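For reference, protein.txt is printed below; it contains compact mmCIF, C-alpha atoms.
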```txt
# COMPACT_ATOMS: atom_id res chain seq x y z
CA MET P 1001 111.44 90.42 97.19
CA ASP P 1002 112.42 94.03 96.47
CA ALA P 1003 112.16 96.72 99.14
CA LYS P 1004 109.01 98.36 97.76
CA THR P 1005 107.11 95.08 97.46
CA LEU P 1006 108.11 94.13 101.00
CA ILE P 1007 106.80 97.46 102.32
CA ALA P 1008 103.57 97.16 100.31
CA LYS P 1009 102.92 93.58 101.43
CA ARG P 1010 103.53 94.41 105.10
CA ILE P 1011 101.18 97.39 104.92
CA GLY P 1012 98.60 95.23 103.16
CA MET P 1013 98.50 93.10 106.31
CA GLU P 1014 97.24 96.15 108.23
CA MET P 1015 94.04 96.31 106.15
CA LYS P 1016 90.75 94.74 107.22
CA SER P 1017 88.07 93.72 104.76
CA GLY P 1018 85.56 96.54 104.34
CA ASP P 1019 88.04 99.30 105.20
CA LEU P 1020 87.84 102.56 103.27
CA VAL P 1021 91.43 103.22 102.17
CA ASN P 1022 93.17 106.14 100.46
CA LEU P 1023 96.62 105.52 98.98
CA GLY P 1024 99.00 108.40 98.32
CA ILE P 1025 100.94 108.65 95.07
CA GLY P 1026 104.18 106.70 94.58
CA MET P 1027 105.06 103.71 96.72
CA PRO P 1028 101.71 103.62 98.59
CA THR P 1029 99.86 102.74 95.36
CA LEU P 1030 101.67 99.37 95.37
CA VAL P 1031 99.59 98.33 98.39
CA ALA P 1032 96.55 97.88 96.13
CA ASN P 1033 98.13 94.91 94.37
CA ASN P 1034 99.71 93.43 97.50
CA LEU P 1035 96.74 92.76 99.78
CA PRO P 1036 96.60 89.39 101.55
CA GLU P 1037 94.38 86.76 99.92
CA GLY P 1038 90.77 87.35 100.95
CA THR P 1039 91.19 90.95 102.11
CA GLU P 1040 88.84 93.23 100.18
CA VAL P 1041 88.86 96.96 100.83
CA TYR P 1042 87.31 100.01 99.19
CA PHE P 1043 89.78 102.38 97.61
CA GLN P 1044 88.98 106.08 97.56
CA SER P 1045 90.60 108.53 95.20
CA GLU P 1046 90.24 112.04 96.61
CA ASN P 1047 89.25 113.51 93.27
CA GLY P 1048 85.88 111.94 93.94
CA ILE P 1049 85.38 108.18 93.78
CA ILE P 1050 85.12 105.12 96.02
CA GLY P 1051 85.54 101.77 94.33
CA MET P 1052 88.41 102.62 92.02
CA SER P 1053 90.39 99.81 90.46
CA SER P 1054 93.27 99.73 88.06
CA LEU P 1055 92.37 100.25 84.40
CA PRO P 1056 91.02 96.81 83.31
CA ALA P 1057 92.81 96.93 79.95
CA LYS P 1058 94.30 99.42 77.55
CA GLY P 1059 91.55 100.67 75.26
CA LEU P 1060 88.94 100.83 78.06
CA GLU P 1061 89.80 104.37 79.20
CA ASP P 1062 87.08 106.88 80.12
CA ASP P 1063 88.11 110.56 79.95
CA TYR P 1064 86.15 111.13 83.17
CA LEU P 1065 87.41 108.20 85.21
CA THR P 1066 90.79 109.16 86.59
CA ASP P 1067 92.82 109.08 89.78
CA ALA P 1068 94.25 112.01 91.73
CA GLY P 1069 97.23 112.10 89.39
CA GLY P 1070 94.93 112.39 86.38
CA MET P 1071 95.72 108.84 85.21
CA PHE P 1072 93.03 106.54 83.83
CA ILE P 1073 91.55 104.05 86.28
CA GLY P 1074 88.69 101.57 86.38
CA ALA P 1075 85.77 101.32 88.77
CA LEU P 1076 84.21 98.25 90.35
CA PRO P 1077 80.47 97.54 90.37
CA GLY P 1078 79.04 99.43 93.34
CA ALA P 1079 81.51 102.29 92.94
CA CYS P 1080 80.23 105.78 93.73
CA SER P 1081 81.38 109.22 92.63
CA PHE P 1082 80.97 112.57 94.36
CA ASP P 1083 82.27 116.14 94.51
CA SER P 1084 85.40 117.37 96.32
CA GLY P 1085 83.36 118.61 99.28
CA MET P 1086 82.01 115.10 99.94
CA SER P 1087 85.39 113.56 99.26
CA PHE P 1088 87.09 115.64 101.94
CA SER P 1089 84.16 115.36 104.32
CA LEU P 1090 84.85 111.63 104.25
CA ILE P 1091 88.56 112.25 104.83
CA ARG P 1092 88.32 114.93 107.54
CA GLY P 1093 85.22 113.56 109.19
CA GLY P 1094 86.72 110.32 110.45
CA HIS P 1095 85.08 108.13 107.79
CA LEU P 1096 88.35 107.08 106.17
CA ASP P 1097 89.76 104.00 107.92
CA VAL P 1098 93.31 104.08 106.60
CA THR P 1099 95.54 106.33 104.55
CA VAL P 1100 98.96 105.23 103.35
CA LEU P 1101 101.32 108.06 102.48
CA GLY P 1102 104.93 108.45 101.47
CA GLY P 1103 107.27 110.31 103.80
CA LEU P 1104 110.32 112.56 103.61
CA GLN P 1105 110.84 112.53 107.39
CA VAL P 1106 109.12 111.21 110.51
CA ASP P 1107 110.29 112.26 113.95
CA GLU P 1108 110.19 110.97 117.53
CA LYS P 1109 106.79 112.54 118.11
CA GLY P 1110 105.43 110.69 115.09
CA HIS P 1111 105.14 113.92 113.12
CA LEU P 1112 105.27 113.46 109.35
CA ALA P 1113 106.89 115.81 106.84
CA ASN P 1114 106.06 114.90 103.28
CA TRP P 1115 104.89 117.94 101.33
CA MET P 1116 107.73 120.35 100.67
CA VAL P 1117 111.47 120.92 100.70
CA PRO P 1118 112.03 124.68 101.13
CA GLY P 1119 113.98 126.16 98.26
CA LYS P 1120 113.77 122.98 96.20
CA MET P 1121 110.29 121.54 95.93
CA VAL P 1122 107.08 123.45 96.61
CA PRO P 1123 104.39 121.29 95.05
CA GLY P 1124 101.59 122.27 97.40
CA MET P 1125 99.97 120.02 99.96
CA GLY P 1126 97.06 118.87 97.81
CA GLY P 1127 95.07 116.53 100.02
CA ALA P 1128 97.98 115.37 102.22
CA MET P 1129 97.25 117.63 105.20
CA ASP P 1130 93.58 116.64 105.24
CA LEU P 1131 94.48 112.95 105.01
CA VAL P 1132 97.01 113.01 107.84
CA THR P 1133 94.76 115.12 110.04
CA GLY P 1134 91.51 113.25 109.44
CA ALA P 1135 92.09 109.56 108.67
CA LYS P 1136 91.48 107.07 111.48
CA ARG P 1137 94.88 105.45 110.82
CA VAL P 1138 97.87 106.99 109.07
CA ILE P 1139 100.53 104.59 107.81
CA VAL P 1140 103.78 105.95 106.38
CA ALA P 1141 105.40 103.91 103.61
CA MET P 1142 108.98 104.94 102.93
CA THR P 1143 112.54 103.75 102.56
CA HIS P 1144 114.36 103.76 105.89
CA THR P 1145 117.04 106.18 104.69
CA ALA P 1146 117.60 108.31 101.58
CA LYS P 1147 121.09 108.39 100.04
CA GLY P 1148 122.57 107.59 103.45
CA GLU P 1149 120.59 110.37 105.18
CA HIS P 1150 118.28 109.47 108.05
CA LYS P 1151 114.58 109.85 107.35
CA ILE P 1152 113.50 108.83 110.84
CA VAL P 1153 114.86 111.72 112.88
CA LYS P 1154 114.73 113.29 116.33
CA THR P 1155 112.87 116.36 115.08
CA CYS P 1156 111.74 117.00 111.50
CA ASP P 1157 113.61 119.91 109.97
CA LEU P 1158 111.30 119.86 106.93
CA PRO P 1159 107.87 121.54 107.24
CA LEU P 1160 105.31 119.26 108.89
CA THR P 1161 102.26 117.93 107.10
CA SER P 1162 100.31 117.70 110.37
CA VAL P 1163 100.91 117.76 114.11
CA ARG P 1164 98.86 114.57 114.41
CA ARG P 1165 100.96 111.56 115.45
CA VAL P 1166 101.02 108.97 112.66
CA ASP P 1167 100.10 105.41 113.62
CA LEU P 1168 102.70 103.25 111.90
CA ILE P 1169 105.91 103.56 109.86
CA VAL P 1170 106.79 100.70 107.53
CA THR P 1171 110.18 100.62 105.82
CA GLU P 1172 112.23 97.93 104.08
CA MET P 1173 114.05 97.45 107.41
CA ALA P 1174 111.41 97.73 110.12
CA VAL P 1175 107.92 98.38 111.40
CA ILE P 1176 107.91 101.24 113.89
CA GLU P 1177 104.99 102.48 115.95
CA PRO P 1178 105.05 106.07 117.21
CA THR P 1179 103.57 106.21 120.71
CA GLU P 1180 103.22 108.75 123.51
CA ALA P 1181 106.50 107.37 124.95
CA GLY P 1182 108.36 107.46 121.62
CA LEU P 1183 109.12 105.28 118.62
CA VAL P 1184 108.67 101.58 119.36
CA LEU P 1185 110.45 99.04 117.15
CA LYS P 1186 107.70 96.47 116.49
CA GLU P 1187 109.25 94.25 113.80
CA VAL P 1188 112.38 93.89 111.72
CA ALA P 1189 112.51 92.80 108.09
CA PRO P 1190 113.77 89.31 107.26
CA GLY P 1191 117.58 89.28 107.47
CA VAL P 1192 117.79 92.64 109.27
CA SER P 1193 119.08 92.88 112.85
CA VAL P 1194 117.85 95.23 115.56
CA ASP P 1195 121.31 96.82 115.65
CA GLN P 1196 121.16 97.53 111.92
CA VAL P 1197 117.81 99.28 112.38
CA ILE P 1198 119.17 101.33 115.28
CA ALA P 1199 122.18 102.36 113.18
CA ALA P 1200 119.95 103.43 110.29
CA THR P 1201 117.62 105.47 112.51
CA GLY P 1202 118.33 109.06 113.53
CA ALA P 1203 115.97 108.97 116.49
CA ALA P 1204 115.78 107.08 119.76
CA LEU P 1205 114.01 103.73 119.42
CA ILE P 1206 112.26 101.88 122.21
CA ILE P 1207 113.32 98.23 121.84
CA PRO P 1208 110.97 95.64 123.38
CA GLU P 1209 112.42 92.40 124.78
CA THR P 1210 111.43 90.51 121.67
CA VAL P 1211 111.25 92.03 118.22
CA PRO P 1212 109.61 89.62 115.77
CA VAL P 1213 110.47 89.37 112.08
CA MET P 1214 107.87 90.72 109.62
CA ALA P 1215 105.59 87.83 108.70
CA VAL P 1216 105.58 88.74 105.01
CA ALA P 1217 105.19 85.81 102.65
CA MET J 804 62.15 130.92 78.75
CA ASN J 805 65.49 132.38 77.79
CA ASN J 806 67.93 130.11 76.05
CA LYS J 807 71.10 130.25 78.15
CA ALA J 808 73.34 128.96 75.36
CA ILE J 809 75.91 131.45 74.01
CA SER J 810 79.04 131.08 71.93
CA THR J 811 82.45 130.55 73.51
CA THR J 812 83.48 133.91 72.03
CA GLN J 813 80.55 135.72 73.67
CA ALA J 814 81.22 134.03 76.98
CA VAL J 815 84.88 134.98 77.12
CA GLU J 816 84.20 138.54 75.93
CA MET J 817 82.34 139.02 79.21
CA ILE J 818 85.54 138.35 81.17
CA PRO J 819 87.63 141.52 81.64
CA ASP J 820 91.38 141.53 82.19
CA GLY J 821 92.07 141.22 85.92
CA ALA J 822 88.93 139.20 86.63
CA SER J 823 88.83 136.43 89.23
CA LEU J 824 87.87 133.02 87.89
CA MET J 825 86.96 129.82 89.66
CA ILE J 826 87.68 126.98 87.26
CA GLY J 827 86.41 123.46 87.86
CA GLY J 828 88.45 120.35 87.22
CA PHE J 829 91.07 118.12 88.74
CA MET J 830 94.21 117.67 86.65
CA GLY J 831 92.19 118.94 83.70
CA VAL J 832 89.36 116.42 84.21
CA GLY J 833 86.14 118.42 84.43
CA THR J 834 87.83 121.63 83.25
CA PRO J 835 85.94 123.57 80.52
CA ARG J 836 88.36 123.09 77.64
CA ARG J 837 86.73 125.31 74.99
CA ILE J 838 86.47 128.25 77.40
CA ILE J 839 90.13 127.85 78.39
CA GLU J 840 91.24 127.86 74.75
CA GLU J 841 89.14 130.94 74.03
CA ILE J 842 90.62 132.81 77.03
CA VAL J 843 94.06 132.11 75.56
CA ALA J 844 92.87 133.12 72.07
CA GLN J 845 91.45 136.43 73.33
CA GLY J 846 94.69 137.10 75.22
CA LYS J 847 93.17 137.77 78.64
CA LYS J 848 95.68 139.02 81.21
CA HIS J 849 96.19 139.52 84.94
CA LEU J 850 93.59 136.92 85.90
CA THR J 851 93.18 135.47 89.37
CA VAL J 852 92.44 131.76 89.17
CA ILE J 853 90.96 129.70 91.99
CA ALA J 854 91.17 125.99 91.23
CA ASN J 855 92.39 122.70 92.61
CA ASP J 856 95.55 122.59 90.50
CA THR J 857 97.17 123.84 87.31
CA ALA J 858 97.24 120.39 85.67
CA ARG J 859 100.22 120.00 83.34
CA PRO J 860 101.70 122.20 80.62
CA ASP J 861 99.28 122.29 77.64
CA VAL J 862 96.53 120.57 79.68
CA GLY J 863 93.49 122.33 81.20
CA ILE J 864 94.47 125.34 83.32
CA GLY J 865 98.07 124.62 82.31
CA LYS J 866 97.21 126.35 79.01
CA LEU J 867 96.45 129.58 80.91
CA ILE J 868 99.80 129.23 82.69
CA ASP J 869 101.63 128.63 79.39
CA ALA J 870 100.00 131.74 77.86
CA LYS J 871 100.78 133.85 80.97
CA CYS J 872 97.15 134.84 81.45
CA ILE J 873 97.37 134.47 85.23
CA ASP J 874 98.81 136.80 87.89
CA ARG J 875 97.44 135.17 91.02
CA LEU J 876 96.61 131.61 91.96
CA ILE J 877 94.74 130.05 94.85
CA VAL J 878 95.24 126.27 94.50
CA SER J 879 96.01 123.17 96.53
CA HIS J 880 98.68 121.74 94.27
CA ILE J 881 101.09 122.85 91.54
CA GLY J 882 103.55 119.94 91.73
CA THR J 883 102.43 118.45 88.42
CA ASN J 884 103.14 121.63 86.47
CA PRO J 885 106.82 122.62 86.33
CA GLU J 886 105.94 125.78 84.36
CA THR J 887 103.75 127.02 87.24
CA GLN J 888 106.64 126.42 89.63
CA ARG J 889 109.04 128.17 87.29
CA GLN J 890 106.77 131.24 87.00
CA MET J 891 106.31 131.29 90.78
CA ILE J 892 110.05 131.20 91.47
CA ALA J 893 110.76 133.76 88.71
CA GLY J 894 108.17 136.12 90.17
CA GLU J 895 106.11 136.13 86.97
CA LEU J 896 103.17 134.99 89.04
CA VAL J 897 102.42 137.80 91.49
CA SER J 898 101.15 135.40 94.14
CA VAL J 899 100.49 131.72 94.67
CA GLU J 900 98.39 130.82 97.69
CA LEU J 901 98.55 127.11 98.54
CA CYS J 902 95.55 125.85 100.49
CA PRO J 903 94.80 122.27 101.64
CA GLN J 904 92.40 120.70 99.17
CA GLY J 905 89.57 120.00 101.62
CA THR J 906 89.85 123.47 103.09
CA LEU J 907 89.81 125.00 99.61
CA ALA J 908 86.58 123.17 98.77
CA GLU J 909 84.92 124.37 101.98
CA ARG J 910 86.14 127.96 101.62
CA ILE J 911 84.56 128.06 98.17
CA ARG J 912 81.39 126.51 99.54
CA CYS J 913 81.32 129.17 102.29
CA GLY J 914 81.70 131.86 99.64
CA GLY J 915 78.64 130.54 97.87
CA THR J 916 76.41 129.61 100.78
CA GLY J 917 76.38 132.72 102.93
CA LEU J 918 78.68 131.31 105.58
CA GLY J 919 81.43 133.35 107.26
CA GLY J 920 84.10 130.68 107.11
CA VAL J 921 85.00 127.13 107.94
CA LEU J 922 86.79 125.81 111.04
CA THR J 923 89.20 122.98 110.37
CA GLN J 924 92.07 121.22 112.12
CA THR J 925 93.75 120.55 108.79
CA GLY J 926 97.02 122.47 108.63
CA PHE J 927 97.01 123.40 112.31
CA GLY J 928 100.57 123.70 113.63
CA THR J 929 102.07 123.64 110.12
CA ASN J 930 103.36 126.51 108.03
CA ALA J 931 100.06 126.41 106.10
CA ALA J 932 98.59 128.03 109.22
CA GLU J 933 100.76 131.15 109.01
CA GLY J 934 98.74 134.32 109.30
CA GLN J 935 95.50 132.49 109.93
CA GLN J 936 93.16 133.10 112.80
CA ILE J 937 92.75 130.34 115.40
CA VAL J 938 89.28 129.79 116.81
CA THR J 939 88.81 127.67 119.94
CA VAL J 940 85.54 125.75 120.23
CA ASP J 941 84.90 123.82 123.45
CA GLY J 942 88.64 123.69 124.10
CA VAL J 943 89.62 122.48 120.63
CA ASP J 944 91.67 124.74 118.35
CA PHE J 945 90.68 125.18 114.72
CA LEU J 946 92.00 127.26 111.85
CA LEU J 947 89.57 129.70 110.30
CA GLY J 948 89.34 129.31 106.52
CA LYS J 949 87.78 132.42 105.05
CA PRO J 950 85.15 132.36 102.27
CA ILE J 951 86.23 132.71 98.64
CA GLN J 952 84.11 134.17 95.86
CA ALA J 953 84.95 135.00 92.26
CA ASP J 954 83.69 137.16 89.42
CA PHE J 955 83.13 134.07 87.29
CA ALA J 956 82.79 130.33 87.84
CA LEU J 957 83.73 128.34 84.74
CA LEU J 958 82.45 124.78 84.88
CA GLY J 959 82.95 121.66 82.80
CA ALA J 960 79.82 119.46 82.75
CA SER J 961 78.95 116.25 80.97
CA ARG J 962 75.38 117.19 80.21
CA ALA J 963 73.08 120.17 80.57
CA ASP J 964 69.50 120.82 79.62
CA TYR J 965 68.60 124.16 78.01
CA ARG J 966 67.39 125.49 81.35
CA GLY J 967 70.90 124.96 82.80
CA ASN J 968 70.51 121.87 84.99
CA LEU J 969 73.87 120.12 85.09
CA VAL J 970 75.09 116.55 85.33
CA PHE J 971 78.73 115.58 85.86
CA SER J 972 80.27 112.25 85.02
CA LEU J 973 82.40 110.18 87.45
CA THR J 974 85.55 112.02 88.56
CA SER J 975 84.87 115.14 86.49
CA ARG J 976 82.46 116.43 89.16
CA ASN J 977 85.18 117.43 91.70
CA PHE J 978 85.02 121.21 92.39
CA ASN J 979 82.41 122.05 89.73
CA PRO J 980 79.16 121.88 91.77
CA ILE J 981 80.73 123.83 94.66
CA MET J 982 82.07 126.57 92.39
CA ALA J 983 78.60 126.89 90.83
CA LEU J 984 77.56 128.48 94.13
CA ALA J 985 80.43 130.92 94.49
CA GLY J 986 80.82 132.66 91.13
CA LYS J 987 78.94 135.92 90.52
CA THR J 988 78.47 134.83 86.91
CA VAL J 989 78.40 131.09 86.26
CA ILE J 990 79.23 129.72 82.81
CA ALA J 991 79.02 125.97 82.19
CA GLU J 992 80.50 124.16 79.24
CA PRO J 993 78.59 120.89 78.79
CA ASN J 994 79.56 118.14 76.39
CA GLU J 995 75.94 118.05 75.23
CA ILE J 996 72.78 120.05 75.80
CA VAL J 997 69.54 118.08 75.89
CA PRO J 998 65.89 119.20 75.78
CA ILE J 999 64.36 120.33 79.06
CA GLY J 1000 62.90 117.27 80.78
CA VAL J 1001 65.43 114.77 79.53
CA ILE J 1002 67.43 115.02 82.76
CA PRO J 1003 65.24 113.58 85.55
CA PRO J 1004 64.98 115.81 88.65
CA ASP J 1005 66.79 113.29 90.85
CA ALA J 1006 69.73 113.17 88.43
CA VAL J 1007 70.42 116.92 88.51
CA MET J 1008 73.67 117.65 90.36
CA THR J 1009 73.68 121.44 89.98
CA PRO J 1010 70.28 123.17 89.85
CA HIS J 1011 69.66 125.45 86.87
CA VAL J 1012 69.12 128.58 88.96
CA LEU J 1013 72.86 128.71 89.66
CA VAL J 1014 73.84 128.61 86.00
CA ASP J 1015 73.76 131.88 84.05
CA TYR J 1016 75.11 130.74 80.69
CA LEU J 1017 75.82 127.55 78.79
CA ILE J 1018 78.39 127.23 76.05
CA GLU J 1019 76.41 126.31 72.95
CA ARG J 1020 76.75 122.93 71.33
CA ARG J 1021 79.42 122.45 68.70
CA GLN J 1022 77.89 123.48 65.40
CA ASN J 1023 76.93 120.79 62.86
CA ASN J 1024 77.51 118.14 65.49
CA GLY J 1025 80.64 117.04 63.66
CA ARG J 1026 78.72 116.21 60.48
```
Written form, structure tokens:
Amino acid sequence: MDAKTLIAKRIGMEMKSGDLVNLGIGMPTLVANNLPEGTEVYFQSENGIIGMSSLPAKGLEDDYLTDAGGMFIGALPGACSFDSGMSFSLIRGGHLDVTVLGGLQVDEKGHLANWMVPGKMVPGMGGAMDLVTGAKRVIVAMTHTAKGEHKIVKTCDLPLTSVRRVDLIVTEMAVIEPTEAGLVLKEVAPGVSVDQVIAATGAALIIPETVPVMAVA
Amino acid sequence: MNNKAISTTQAVEMIPDGASLMIGGFMGVGTPRRIIEEIVAQGKKHLTVIANDTARPDVGIGKLIDAKCIDRLIVSHIGTNPETQRQMIAGELVSVELCPQGTLAERIRCGGTGLGGVLTQTGFGTNAAEGQQIVTVDGVDFLLGKPIQADFALLGASRADYRGNLVFSLTSRNFNPIMALAGKTVIAEPNEIVPIGVIPPDAVMTPHVLVDYLIERRQNNGR
């Protein structure tokens, strides 16, 4: 199993049937196709729809049925569409159960930086700040390191997306839960040791007596 | 009953250089395409555009970027348009204000609904909060997002009736109904205009009183 599929499958296990879920662009979108058997959730796209699905087949595009990246999608029976005010009322108002977002850095306080790299990349925050601030659960999907650089760090040096503490970090090496006390190592990936995770992490980790292996099939 | 339908040329002739425009759409979906092309054709300059994004080069608002019609932007996202980023870094765009998407929607709503601003926790403690007022309500800190209005709101609709009632399809609704409240002059470009009464009252998404002009149907209906 490749790293991205492992991350997507492990995050899929966090979903409960009936959850309203918003997936960020990039790796988080893989969660949609990696849910456990029997788990059915509602996917929101912040441009104004609940009940999005992937495009059923090429040739069935609708110019007015798109995701937040402007790509063609499908919609399931029972889907609903709405304006941006409603869409972000759902996000900010505590009606969104889970958001899964990519990350550039997460620090010991559980603060996420994922929207800009000063001097290099200024794309704008889009809906990211609303999602991190308002969703009931925020799960960060990212590779553990980038080109040898730590992404889990003591203090983010990139601009923060929110000062809200994220709920879970899932990488190809580990599952880490930010808590009041600090970052708790909850699980390691199959074939990865606790020491390897510690070495690949630029922040202090709280290591419980037993650290189970991710139960990803 | 006045017919609100005018030509694209007439509509864009109303827009002076330097005007502020709210433009509906999300990555070009729900953006009034004929109006955009006419703004480029008439060579409008120094515009302020308030919108969710600038789509991509040669798509939607991206065409106004390509043609250098815009001086100032208030948007939530420009990451999909490298030309917008290039113009920002080169200083060709006088200013780009980035605003969280949900806050942008509510600031526009405030501008159109007589409200003095919106209080939100989104962006609090980040560099998106720089220069913004903090308001504490019952011990909780919020950022104050100030109202936004514009000289014109330019909307893309799926269907209108000749009185100006609007219907939007699926994800093309996005910012359009909110901007309909906040533009001093509201111009909607529907894909079709139907006789008054064809759109049932419960199906109307933007009431006709908000809409000043409709872009007339394409002549000859393609025949």
All residues 7 Å or closer to segment 831-835 of chain J, only C-alpha atoms, same chain fewer than 6 positions away omitted, as an mmCIF file with C-alpha atoms, in the coordinates of the input:
```cif
data_model
loop_
_atom_site.group_PDB
_atom_site.id
_atom_site.type_symbol
_atom_site.label_atom_id
_atom_site.label_comp_id
_atom_site.auth_asym_id
_atom_site.auth_seq_id
_atom_site.Cartn_x
_atom_site.Cartn_y
_atom_site.Cartn_z
ATOM 1 C CA TYR P 1064 86.150 111.130 83.170
ATOM 2 C CA ALA J 858 97.240 120.390 85.670
ATOM 3 C CA VAL J 862 96.530 120.570 79.680
ATOM 4 C CA GLY J 863 93.490 122.330 81.200
ATOM 5 C CA ILE J 864 94.470 125.340 83.320
ATOM 6 C CA LEU J 957 83.730 128.340 84.740
ATOM 7 C CA LEU J 958 82.450 124.780 84.880
ATOM 8 C CA GLY J 959 82.950 121.660 82.800
ATOM 9 C CA ALA J 960 79.820 119.460 82.750
ATOM 10 C CA SER J 975 84.870 115.140 86.490
ATOM 11 C CA ARG J 976 82.460 116.430 89.160
ATOM 12 C CA GLU J 992 80.500 124.160 79.240
#
```
Which residue gives the smallest distance to Leu1020 of chain P among P:Tyr1042, P:Trp1115, P:Phe1082, P:Phe1072, with only C-alpha atoms counted? P:Tyr1042
Using only C-alpha atoms, select each residue of chain P with any atom at most 8 Å away from an atom of chain J, and give the selection as a PyMOL selection string. chain P and resi 1047-1049+1063-1070+1080-1085+1088-1089+1092+1122-1130+1133-1134+1159-1163
Write a file of the selected residues as a compact mmCIF listing (two decimals), in the coordinates of the input, keeping C-alpha atoms.
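The resulting file, out-v7.txt, is shown below:
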```
# COMPACT_ATOMS: atom_id res chain seq x y z
CA ASN P 1047 89.25 113.51 93.27
CA GLY P 1048 85.88 111.94 93.94
CA ILE P 1049 85.38 108.18 93.78
CA ASP P 1063 88.11 110.56 79.95
CA TYR P 1064 86.15 111.13 83.17
CA LEU P 1065 87.41 108.20 85.21
CA THR P 1066 90.79 109.16 86.59
CA ASP P 1067 92.82 109.08 89.78
CA ALA P 1068 94.25 112.01 91.73
CA GLY P 1069 97.23 112.10 89.39
CA GLY P 1070 94.93 112.39 86.38
CA CYS P 1080 80.23 105.78 93.73
CA SER P 1081 81.38 109.22 92.63
CA PHE P 1082 80.97 112.57 94.36
CA ASP P 1083 82.27 116.14 94.51
CA SER P 1084 85.40 117.37 96.32
CA GLY P 1085 83.36 118.61 99.28
CA PHE P 1088 87.09 115.64 101.94
CA SER P 1089 84.16 115.36 104.32
CA ARG P 1092 88.32 114.93 107.54
CA VAL P 1122 107.08 123.45 96.61
CA PRO P 1123 104.39 121.29 95.05
CA GLY P 1124 101.59 122.27 97.40
CA MET P 1125 99.97 120.02 99.96
CA GLY P 1126 97.06 118.87 97.81
CA GLY P 1127 95.07 116.53 100.02
CA ALA P 1128 97.98 115.37 102.22
CA MET P 1129 97.25 117.63 105.20
CA ASP P 1130 93.58 116.64 105.24
CA THR P 1133 94.76 115.12 110.04
CA GLY P 1134 91.51 113.25 109.44
CA PRO P 1159 107.87 121.54 107.24
CA LEU P 1160 105.31 119.26 108.89
CA THR P 1161 102.26 117.93 107.10
CA SER P 1162 100.31 117.70 110.37
CA VAL P 1163 100.91 117.76 114.11
```
Expressed in Å to a single decimal, how great is the separation between atom CA of Asn968 of chain J and atom CA of Val1014 of chain J?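 These atoms are spaced 7.6 Å apart.
You will find atom CA of Leu1205 of chain P at 22.6 Å from atom CA of Val1132 of chain P.
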Just to confirm, what's the straight-line distance from atom CA of Pro1036 of chain P to atom CA of Val1184 of chain P in Å (one decimal)?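 Here the two named atoms are 24.7 Å from each other.
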If I put a ball of radius 8 Å at (78.4, 128.2, 88.2) in the file's coordinates, which residues poke into it when counting all atoms listed in the file, written as a PDB file with C-alpha atoms, keeping the file's coordinate frame?
```
ATOM      1  CA  PHE J 955      83.130 134.070  87.290  1.00  0.00           C
ATOM      2  CA  ALA J 956      82.790 130.330  87.840  1.00  0.00           C
ATOM      3  CA  LEU J 957      83.730 128.340  84.740  1.00  0.00           C
ATOM      4  CA  LEU J 958      82.450 124.780  84.880  1.00  0.00           C
ATOM      5  CA  ASN J 979      82.410 122.050  89.730  1.00  0.00           C
ATOM      6  CA  PRO J 980      79.160 121.880  91.770  1.00  0.00           C
ATOM      7  CA  MET J 982      82.070 126.570  92.390  1.00  0.00           C
ATOM      8  CA  ALA J 983      78.600 126.890  90.830  1.00  0.00           C
ATOM      9  CA  LEU J 984      77.560 128.480  94.130  1.00  0.00           C
ATOM     10  CA  ALA J 985      80.430 130.920  94.490  1.00  0.00           C
ATOM     11  CA  GLY J 986      80.820 132.660  91.130  1.00  0.00           C
ATOM     12  CA  THR J 988      78.470 134.830  86.910  1.00  0.00           C
ATOM     13  CA  VAL J 989      78.400 131.090  86.260  1.00  0.00           C
ATOM     14  CA  ILE J 990      79.230 129.720  82.810  1.00  0.00           C
ATOM     15  CA  ALA J 991      79.020 125.970  82.190  1.00  0.00           C
ATOM     16  CA  LEU J1013      72.860 128.710  89.660  1.00  0.00           C
ATOM     17  CA  VAL J1014      73.840 128.610  86.000  1.00  0.00           C
ATOM     18  CA  ASP J1015      73.760 131.880  84.050  1.00  0.00           C
TER      19      ASP J1015
END
```
Considering all atoms listed in the file, can you say which of P:Gly1110, P:Gly1102, P:Gly1094, P:Pro1178 comes closest to His1144 of chain P? P:Gly1102
All residues 10 Å or closer to Asp1167 of chain P, all atoms listed in the file, same chain fewer than 5 positions away omitted, as a list in words: Val1098, Gly1110, His1111, Lys1136, Arg1137, Val1138, Ile1139, Val1140, Ile1176, Glu1177, Pro1178 and Thr1179 of chain P
Could you give me, as a count of residues only, the residues that sit within 6 Å of (111.1, 96.0, 113.3) in the file's coordinates, counting only C-alpha atoms? 6
In terms of the shortest atom-to-atom distance over only C-alpha atoms, which of J:Ala963, J:Leu922, J:Val943, J:Ile842 is closest to Leu867 of chain J? J:Ile842
Around all the atoms of segment 819-835 of chain J listed in the file, with 8 Å of room on each side, what axis-aligned box do you get, giving centre and edge lengths in Å to one decimal, as JSON?
```
{"center_x": 90.1, "center_y": 129.0, "center_z": 85.1, "size_x": 24.3, "size_y": 41.1, "size_z": 25.1}
```
Residue contacts of Gln845 of chain J (12 Å, all atoms listed in the file) excluding same-chain residues fewer than 4 positions away, as a PyMOL selection string: chain J and resi 811-820+838-841+867+870+872
Fewer than 3 positions away in the same chain doesn't count, so skip those; otherwise give me all residues within 12 Å of Gly1018 of chain P, counting only C-alpha atoms, as an MDAnalysis selection string. chainID P and resid 1015 1021 1038:1043 1050:1051 1096:1098
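Residues within 10 Å of Thr1143 of chain P, counting only C-alpha atoms and excluding same-chain residues fewer than 4 positions away, are P:Ala1003, P:Lys1004, P:Ile1007, P:Met1027, P:Gly1102, P:Gly1103, P:Leu1104, P:His1150, P:Lys1151, P:Ile1152, P:Ile1169, P:Val1170, P:Thr1171, P:Glu1172, P:Met1173, P:Ala1174.
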